file query_5.tsv (TSV, C-alpha atoms and all ligand atoms)
chain	number	residue	atom	x	y	z
B	1	MET	CA	15.97	7.97	-30.05
B	2	LYS	CA	14.18	8.18	-26.78
B	3	THR	CA	10.41	8.20	-26.84
B	4	LEU	CA	8.57	11.11	-25.30
B	5	ALA	CA	7.36	8.77	-22.57
B	6	ALA	CA	10.94	7.76	-21.75
B	7	LEU	CA	12.06	11.40	-21.61
B	8	LEU	CA	9.15	12.29	-19.38
B	9	ALA	CA	9.95	9.32	-17.15
B	10	THR	CA	13.58	10.41	-16.78
B	11	ALA	CA	12.51	13.96	-15.90
B	12	LEU	CA	9.96	12.73	-13.37
B	13	LEU	CA	12.48	10.37	-11.77
B	14	ALA	CA	15.07	13.13	-11.38
B	15	GLN	CA	12.52	15.51	-9.93
B	16	GLN	CA	11.00	13.07	-7.50
B	17	THR	CA	13.75	11.02	-5.94
B	18	LEU	CA	13.19	12.85	-2.67
B	19	ALA	CA	9.42	12.90	-2.96
B	20	HIS	CA	8.72	9.38	-1.73
B	21	PHE	CA	6.69	8.55	1.39
B	22	THR	CA	6.14	6.04	4.21
B	23	MET	CA	3.27	4.83	6.38
B	24	GLN	CA	3.72	6.57	9.73
B	25	TYR	CA	0.55	6.40	11.80
B	26	LEU	CA	-2.28	3.97	12.57
B	27	TRP	CA	-5.68	5.11	13.79
B	28	ASP	CA	-8.01	2.69	15.59
B	29	ASN	CA	-11.65	3.75	15.22
B	30	GLY	CA	-10.53	7.38	14.86
B	31	VAL	CA	-7.97	7.30	17.69
B	32	ASP	CA	-4.43	8.23	16.65
B	33	GLN	CA	-1.91	5.64	17.85
B	34	GLY	CA	1.16	7.89	17.51
B	35	LEU	CA	4.15	8.17	15.22
B	36	ASN	CA	5.50	4.80	14.04
B	37	ASN	CA	3.83	2.85	16.84
B	38	TYR	CA	2.94	-0.78	15.89
B	39	ILE	CA	4.62	-0.27	12.50
B	40	ARG	CA	7.62	-2.11	11.03
B	41	VAL	CA	9.39	1.10	10.09
B	42	PRO	CA	11.57	0.99	6.97
B	43	PRO	CA	15.00	2.72	7.03
B	44	ASN	CA	13.97	5.32	4.43
B	45	ASN	CA	11.10	6.39	2.17
B	46	ASN	CA	12.29	4.69	-1.00
B	47	PRO	CA	9.80	2.53	-2.89
B	48	VAL	CA	10.22	-1.11	-3.86
B	49	THR	CA	10.19	-1.64	-7.64
B	50	ASP	CA	10.91	-5.40	-8.02
B	51	VAL	CA	7.64	-7.34	-7.70
B	52	THR	CA	9.56	-10.61	-7.23
B	53	SER	CA	11.58	-9.34	-4.25
B	54	THR	CA	10.80	-10.26	-0.64
B	55	ASP	CA	11.01	-6.49	-0.05
B	56	LEU	CA	7.51	-6.41	-1.53
B	57	THR	CA	6.19	-8.25	1.51
B	58	CYS	CA	6.75	-5.68	4.25
B	59	ASN	CA	9.28	-3.25	2.74
B	60	VAL	CA	13.06	-3.58	3.22
B	61	ASN	CA	12.94	-4.55	6.88
B	62	ASP	CA	14.11	-8.08	6.46
B	63	LEU	CA	10.52	-8.84	7.53
B	64	SER	CA	11.49	-8.20	11.12
B	65	GLY	CA	9.05	-7.19	13.82
B	66	ALA	CA	11.72	-7.17	16.50
B	67	GLY	CA	11.07	-4.37	18.97
B	68	VAL	CA	7.69	-3.51	17.43
B	69	SER	CA	4.61	-3.60	19.70
B	70	THR	CA	1.30	-5.13	18.67
B	71	LEU	CA	-1.96	-3.16	18.85
B	72	SER	CA	-5.08	-4.89	20.20
B	73	ILE	CA	-8.14	-4.18	18.06
B	74	ALA	CA	-11.64	-5.63	17.87
B	75	ALA	CA	-12.79	-7.34	14.68
B	76	GLY	CA	-15.10	-4.89	12.91
B	77	THR	CA	-13.03	-1.84	13.85
B	78	THR	CA	-12.02	0.79	11.31
B	79	ILE	CA	-8.28	1.12	10.87
B	80	THR	CA	-6.85	4.22	9.23
B	81	PHE	CA	-3.35	4.36	7.77
B	82	GLU	CA	-1.56	7.72	7.46
B	83	TRP	CA	1.32	8.36	5.08
B	84	HIS	CA	3.82	11.23	4.74
B	85	GLN	CA	6.79	12.09	2.57
B	86	HIS	CA	9.18	12.85	5.40
B	87	ALA	CA	9.20	12.78	9.17
B	88	GLN	CA	5.70	13.35	10.53
B	89	ARG	CA	3.04	15.95	9.89
B	90	THR	CA	5.03	18.91	8.67
B	91	GLY	CA	2.29	20.44	6.56
B	92	GLU	CA	3.97	19.26	3.38
B	93	ASP	CA	1.68	17.43	0.92
B	94	PRO	CA	1.36	13.83	2.15
B	95	ILE	CA	1.98	12.56	-1.38
B	96	ALA	CA	4.18	14.45	-3.84
B	97	SER	CA	2.74	15.53	-7.16
B	98	GLY	CA	2.76	12.94	-9.90
B	99	HIS	CA	2.46	9.97	-7.57
B	100	LYS	CA	-0.84	8.64	-8.92
B	101	GLY	CA	-2.18	5.14	-8.50
B	102	PRO	CA	-4.12	2.60	-6.45
B	103	VAL	CA	-4.32	2.03	-2.69
B	104	LEU	CA	-4.58	-1.52	-1.34
B	105	VAL	CA	-4.75	-3.27	2.04
B	106	TYR	CA	-3.94	-6.90	2.80
B	107	LEU	CA	-3.70	-8.87	6.03
B	108	ALA	CA	-2.03	-12.12	7.11
B	109	LYS	CA	-2.64	-14.21	10.24
B	110	ALA	CA	0.43	-15.09	12.27
B	111	PRO	CA	0.78	-18.69	13.48
B	112	SER	CA	1.89	-17.27	16.84
B	113	THR	CA	2.83	-13.62	17.45
B	114	ALA	CA	2.79	-10.83	14.89
B	115	ALA	CA	6.23	-9.69	16.08
B	116	THR	CA	7.84	-13.01	15.15
B	117	PHE	CA	5.88	-13.50	11.94
B	118	SER	CA	7.77	-13.68	8.62
B	119	PRO	CA	4.84	-13.77	6.22
B	120	ALA	CA	6.16	-16.06	3.46
B	121	GLY	CA	3.98	-18.08	1.11
B	122	ALA	CA	0.23	-17.81	0.47
B	123	VAL	CA	-0.82	-16.02	3.67
B	124	TRP	CA	-2.17	-12.66	2.41
B	125	THR	CA	-5.83	-11.71	1.98
B	126	LYS	CA	-6.76	-8.51	0.18
B	127	ILE	CA	-9.39	-6.60	2.16
B	128	TYR	CA	-9.43	-3.24	0.34
B	129	GLN	CA	-8.57	-1.63	-2.95
B	130	SER	CA	-9.25	1.65	-4.73
B	131	GLY	CA	-7.83	2.65	-8.10
B	132	LEU	CA	-8.87	4.99	-10.92
B	133	LEU	CA	-11.90	6.83	-9.53
B	134	THR	CA	-12.94	9.02	-12.46
B	135	VAL	CA	-11.88	9.05	-16.09
B	136	THR	CA	-12.52	12.76	-16.83
B	137	PRO	CA	-10.63	14.23	-15.13
B	138	GLN	CA	-8.37	11.31	-14.25
B	139	THR	CA	-8.59	11.01	-10.48
B	140	TRP	CA	-6.94	8.29	-8.45
B	141	ALA	CA	-7.17	6.78	-4.99
B	142	THR	CA	-3.90	8.58	-4.22
B	143	ASP	CA	-5.58	11.96	-4.86
B	144	VAL	CA	-8.00	11.19	-2.03
B	145	VAL	CA	-5.19	10.10	0.30
B	146	ASN	CA	-3.29	13.30	-0.55
B	147	ALA	CA	-6.37	15.47	0.04
B	148	THR	CA	-7.23	13.86	3.38
B	149	GLY	CA	-3.94	14.38	5.20
B	150	GLY	CA	-2.36	11.16	3.97
B	151	LYS	CA	-5.14	8.91	5.26
B	152	HIS	CA	-7.14	5.93	4.00
B	153	SER	CA	-9.27	3.52	5.99
B	154	VAL	CA	-10.46	-0.07	6.00
B	155	THR	CA	-12.89	-2.03	8.14
B	156	ILE	CA	-11.45	-5.23	9.61
B	157	PRO	CA	-13.97	-7.97	8.67
B	158	LYS	CA	-15.85	-9.27	11.73
B	159	SER	CA	-15.69	-12.85	10.50
B	160	LEU	CA	-11.88	-13.04	10.74
B	161	PRO	CA	-10.63	-15.44	13.39
B	162	ALA	CA	-9.17	-13.85	16.52
B	163	GLY	CA	-5.38	-13.81	16.67
B	164	GLU	CA	-2.32	-11.78	15.75
B	165	TYR	CA	-2.02	-10.39	12.24
B	166	LEU	CA	0.07	-8.20	10.01
B	167	LEU	CA	-1.81	-5.45	8.21
B	168	ARG	CA	-0.11	-4.52	4.96
B	169	ALA	CA	-1.06	-1.18	3.39
B	170	GLU	CA	0.24	-0.44	-0.10
B	171	ILE	CA	0.24	2.57	-2.39
B	172	ILE	CA	1.43	2.05	-5.96
B	173	ALA	CA	2.70	5.19	-7.75
B	174	LEU	CA	2.51	4.89	-11.52
B	175	HIS	CA	4.16	8.12	-12.74
B	176	VAL	CA	7.10	6.23	-14.29
B	177	ALA	CA	5.39	2.89	-14.90
B	178	PHE	CA	5.64	2.99	-18.72
B	179	THR	CA	8.33	0.33	-18.52
B	180	TYR	CA	9.21	-2.27	-15.90
B	181	PRO	CA	10.69	-1.79	-13.39
B	182	GLY	CA	9.05	1.59	-12.99
B	183	ALA	CA	5.94	1.37	-10.82
B	184	GLN	CA	6.79	2.33	-7.24
B	185	PHE	CA	5.43	0.17	-4.43
B	186	TYR	CA	5.14	1.90	-1.06
B	187	ILE	CA	4.46	-0.61	1.69
B	188	GLY	CA	3.76	-0.35	5.39
B	189	CYS	CA	3.17	-3.33	7.69
B	190	ALA	CA	1.55	-2.98	11.11
B	191	GLN	CA	1.18	-5.54	13.89
B	192	VAL	CA	-2.29	-6.07	15.38
B	193	LYS	CA	-4.01	-8.54	17.67
B	194	ILE	CA	-7.63	-9.05	16.64
B	195	THR	CA	-9.87	-9.86	19.59
B	196	SER	CA	-13.32	-11.42	19.22
B	197	GLY	CA	-13.79	-12.28	15.54
B	198	GLY	CA	-15.28	-15.28	13.74
B	199	THR	CA	-14.40	-18.44	11.87
B	200	ALA	CA	-13.86	-17.36	8.26
B	201	ASN	CA	-11.10	-18.89	6.14
B	202	PRO	CA	-10.49	-16.19	3.50
B	203	PRO	CA	-8.66	-16.72	0.16
B	204	LYS	CA	-4.91	-16.08	0.34
B	205	VAL	CA	-2.05	-15.20	-2.01
B	206	ALA	CA	1.72	-14.92	-1.68
B	207	ILE	CA	3.49	-11.53	-1.73
B	208	PRO	CA	5.77	-11.63	-3.69
B	209	GLY	CA	3.92	-13.90	-6.08
B	210	ALA	CA	0.58	-12.17	-6.58
B	211	TYR	CA	1.97	-9.52	-8.98
B	212	LYS	CA	3.74	-9.91	-12.33
B	213	PRO	CA	5.80	-7.28	-14.20
B	214	THR	CA	3.38	-7.65	-17.13
B	215	ASP	CA	0.20	-7.02	-15.11
B	216	PRO	CA	-1.78	-4.27	-16.88
B	217	GLY	CA	-1.91	-2.30	-13.63
B	218	ILE	CA	1.87	-2.48	-13.07
B	219	THR	CA	3.35	-1.66	-16.48
B	220	VAL	CA	1.05	1.09	-17.70
B	221	ASN	CA	1.14	4.58	-19.22
B	222	ILE	CA	-1.15	6.70	-17.06
B	223	TYR	CA	-0.74	9.76	-19.32
B	224	ASN	CA	-2.87	8.16	-22.01
B	225	ASN	CA	-6.38	9.07	-20.76
B	226	LEU	CA	-7.04	5.62	-19.37
B	227	LEU	CA	-10.64	4.44	-19.63
B	228	ASN	CA	-10.05	1.68	-17.12
B	229	TYR	CA	-7.35	0.55	-14.74
B	230	THR	CA	-6.88	-2.99	-13.45
B	231	ILE	CA	-5.69	-3.01	-9.84
B	232	PRO	CA	-3.01	-5.71	-9.37
B	233	GLY	CA	-3.55	-8.82	-7.26
B	234	PRO	CA	-6.60	-10.88	-6.30
B	235	ALA	CA	-10.20	-9.78	-5.73
B	236	VAL	CA	-11.07	-8.07	-2.46
B	237	TRP	CA	-12.43	-10.36	0.25
B	238	THR	CA	-15.01	-8.52	2.31
B	239	GLY	CA	-15.78	-11.16	4.92
M	301	LIG	C1	-1.29	16.70	-3.31
M	301	LIG	O1	-1.98	17.94	-3.12
M	301	LIG	C2	-1.19	19.08	-3.46
M	301	LIG	C3	-1.98	20.31	-3.06
M	301	LIG	O2	-3.24	20.31	-3.68
M	301	LIG	C4	-0.81	19.02	-4.93
M	301	LIG	O3	0.03	20.09	-5.26
M	301	LIG	C5	-0.10	17.70	-5.24
M	301	LIG	O4	0.14	17.59	-6.62
M	301	LIG	C6	-0.96	16.54	-4.78
M	301	LIG	N1	-0.29	15.25	-4.99
M	301	LIG	C7	-0.87	14.27	-5.71
M	301	LIG	C8	-0.11	12.98	-5.79
M	301	LIG	O5	-1.91	14.39	-6.29
M	302	LIG	C1	-8.45	-1.94	-19.76
M	302	LIG	O1	-9.31	-2.98	-20.20
M	302	LIG	C2	-8.81	-3.68	-21.36
M	302	LIG	C3	-9.90	-4.61	-21.83
M	302	LIG	O2	-10.43	-5.36	-20.78
M	302	LIG	C4	-7.53	-4.40	-20.95
M	302	LIG	O3	-6.99	-5.10	-22.06
M	302	LIG	C5	-6.51	-3.39	-20.47
M	302	LIG	O4	-5.36	-4.05	-19.99
M	302	LIG	C6	-7.08	-2.53	-19.35
M	302	LIG	N1	-6.15	-1.46	-19.05
M	302	LIG	C7	-5.63	-1.29	-17.84
M	302	LIG	C8	-4.67	-0.17	-17.68
M	302	LIG	O5	-5.89	-2.00	-16.89
M	303	CU	CU	8.49	8.94	-5.05
call {"tool": "encode", "arguments": {"input": "query_5.tsv", "output": "structure tokens"}}
result
Amino acid sequence: MKTLAALLATALLAQQTLAHFTMQYLWDNGVDQGLNNYIRVPPNNNPVTDVTSTDLTCNVNDLSGAGVSTLSIAAGTTITFEWHQHAQRTGEDPIASGHKGPVLVYLAKAPSTAATFSPAGAVWTKIYQSGLLTVTPQTWATDVVNATGGKHSVTIPKSLPAGEYLLRAEIIALHVAFTYPGAQFYIGCAQVKITSGGTANPPKVAIPGAYKPTDPGITVNIYNNLLNYTIPGPAVWTG
């Protein structure tokens, strides 16, 4: 016999196959950089569900930055990522109902150019995360993204060394995360060149590698009035 959770999961999956989303715009200190510019655009809006797959790094692009330009930004700038379900700003909800979960941002320094960078191994530093915001009612970082036109922002730490980087924004939707695989990982990677900057050597993890199927924030029933939620991956480095 199927559990109620399993039945609910099946219903949610059927209803929401078309309700996925992608990262489509970057904003640099409040200036819109245009549709898909500087972004390694995936072929469709499907999520990644295997946390051991190299698709978790920068989506299903084969990690390629070929043909993607790199945006020059100053260390200390505020970068905003903007997500939508389908092509551009149609007025549709940025994130379909049910897609609740955390929002995270990582970055990795390229040895040479961002466009030629395949970010394998322990190269990723987490610079932002937001998860379960309130317990009653249960509100999530995704609710804020949905309510603000698909946007979330991060400040690029001033102490980061100058150079070319990949910015990796991630939204994890937990509506069918009762069992693994179930959690949906939405990933967008953008290419930037950080000018100025400092001399910090931040802590780094590998992606894939930083997450396990058994992490409490990856296999989780979010319909259980959670009192706490553990965001996957390492601690945030703030510079
Ligand atoms: C996004 O907002 C709309 C309108 O308020 C709502 O119907 C939808 O459920 C929201 N999505 C999420 C993931 O909260
Ligand atoms: C909540 O905290 C408890 C105790 O620290 C932990 O065992 C549990 O995995 C956490 N739940 C989530 C969803 O992170
Ligand atoms: Cu979806």
call {"tool": "closest_residue", "arguments": {"input": "query_5.tsv", "among": "B:Leu166, B:Val68, B:Ile207, B:Ile95", "to": "Val144 in chain B", "atoms": "only C-alpha atoms"}}
result
B:Ile95
call {"tool": "residues_around", "arguments": {"input": "query_5.tsv", "residues": "Asn146 in chain B", "least_positions_apart": "5", "cutoff": "9 Å", "atoms": "all atoms listed in the file", "output": "PyMOL selection string"}}
result
chain B and resi 83+93-96+141+151
call {"tool": "closest_residue", "arguments": {"input": "query_5.tsv", "among": "B:Ala147, B:Leu226, B:Val154, B:Ile127", "to": "Thr238 in chain B", "atoms": "all atoms listed in the file"}}
result
B:Ile127
call {"tool": "residues_near_ligand", "arguments": {"input": "query_5.tsv", "ligand": "ligand LIG 301 (chain M)", "cutoff": "12 Å", "atoms": "all atoms listed in the file", "output": "PyMOL selection string"}}
result
chain B and resi 16+19-21+83-85+91-102+138-150+171-175
call {"tool": "residues_around", "arguments": {"input": "query_5.tsv", "residues": "range 219-225 of chain B", "least_positions_apart": "6", "cutoff": "12 Å", "atoms": "only C-alpha atoms", "output": "number ranges by chain"}}
result
B: 4-6, 8-9, 49-51, 98-102, 131-132, 134-140, 172-184, 211-213, 231-232
call {"tool": "closest_atom_pairs", "arguments": {"input": "query_5.tsv", "of": "chain B", "to": "ligand LIG 302 (chain M)", "cutoff": "7 Å", "atoms": "all atoms listed in the file", "output": "tab-separated table"}}
result
residue	atom	partner	partner_atom	distance
B:Pro216	CA	M:LIG302	O5	4.7
B:Gly217	CA	M:LIG302	O5	5.2
B:Val220	CA	M:LIG302	C8	5.9
B:Leu226	CA	M:LIG302	C8	6.5
B:Leu227	CA	M:LIG302	C1	6.7
B:Asn228	CA	M:LIG302	C1	4.8
B:Tyr229	CA	M:LIG302	O5	3.6
B:Thr230	CA	M:LIG302	O5	3.7
call {"tool": "closest_atom_pairs", "arguments": {"input": "query_5.tsv", "of": "range 94-180 of chain B", "to": "range 74-80 of chain B", "cutoff": "8 Å", "atoms": "only C-alpha atoms", "output": "Markdown table"}}
result
| residue | atom | partner | partner_atom | distance |
| --- | --- | --- | --- | --- |
| B:Lys151 | CA | B:Thr80 | CA | 6.4 |
| B:His152 | CA | B:Thr80 | CA | 5.5 |
| B:Ser153 | CA | B:Thr80 | CA | 4.1 |
| B:Val154 | CA | B:Ile79 | CA | 5.5 |
| B:Thr155 | CA | B:Thr78 | CA | 4.3 |
| B:Ile156 | CA | B:Gly76 | CA | 4.9 |
| B:Pro157 | CA | B:Gly76 | CA | 5.4 |
| B:Lys158 | CA | B:Gly76 | CA | 4.6 |
| B:Ser159 | CA | B:Ala75 | CA | 7.5 |
| B:Leu160 | CA | B:Ala75 | CA | 7.0 |
| B:Ala162 | CA | B:Ala75 | CA | 7.7 |
call {"tool": "atom_distance", "arguments": {"input": "query_5.tsv", "atom1": "CA of Thr52 in chain B", "atom2": "CA of Ile187 in chain B"}}
result
14.3 Å
call {"tool": "closest_residue", "arguments": {"input": "query_5.tsv", "among": "B:Ala66, B:Val123, B:Ile194, B:Leu167", "to": "Ala210 in chain B", "atoms": "only C-alpha atoms"}}
result
B:Val123
call {"tool": "atom_distance", "arguments": {"input": "query_5.tsv", "atom1": "CA of Thr54 in chain B", "atom2": "CA of Cys189 in chain B"}}
result
13.3 Å
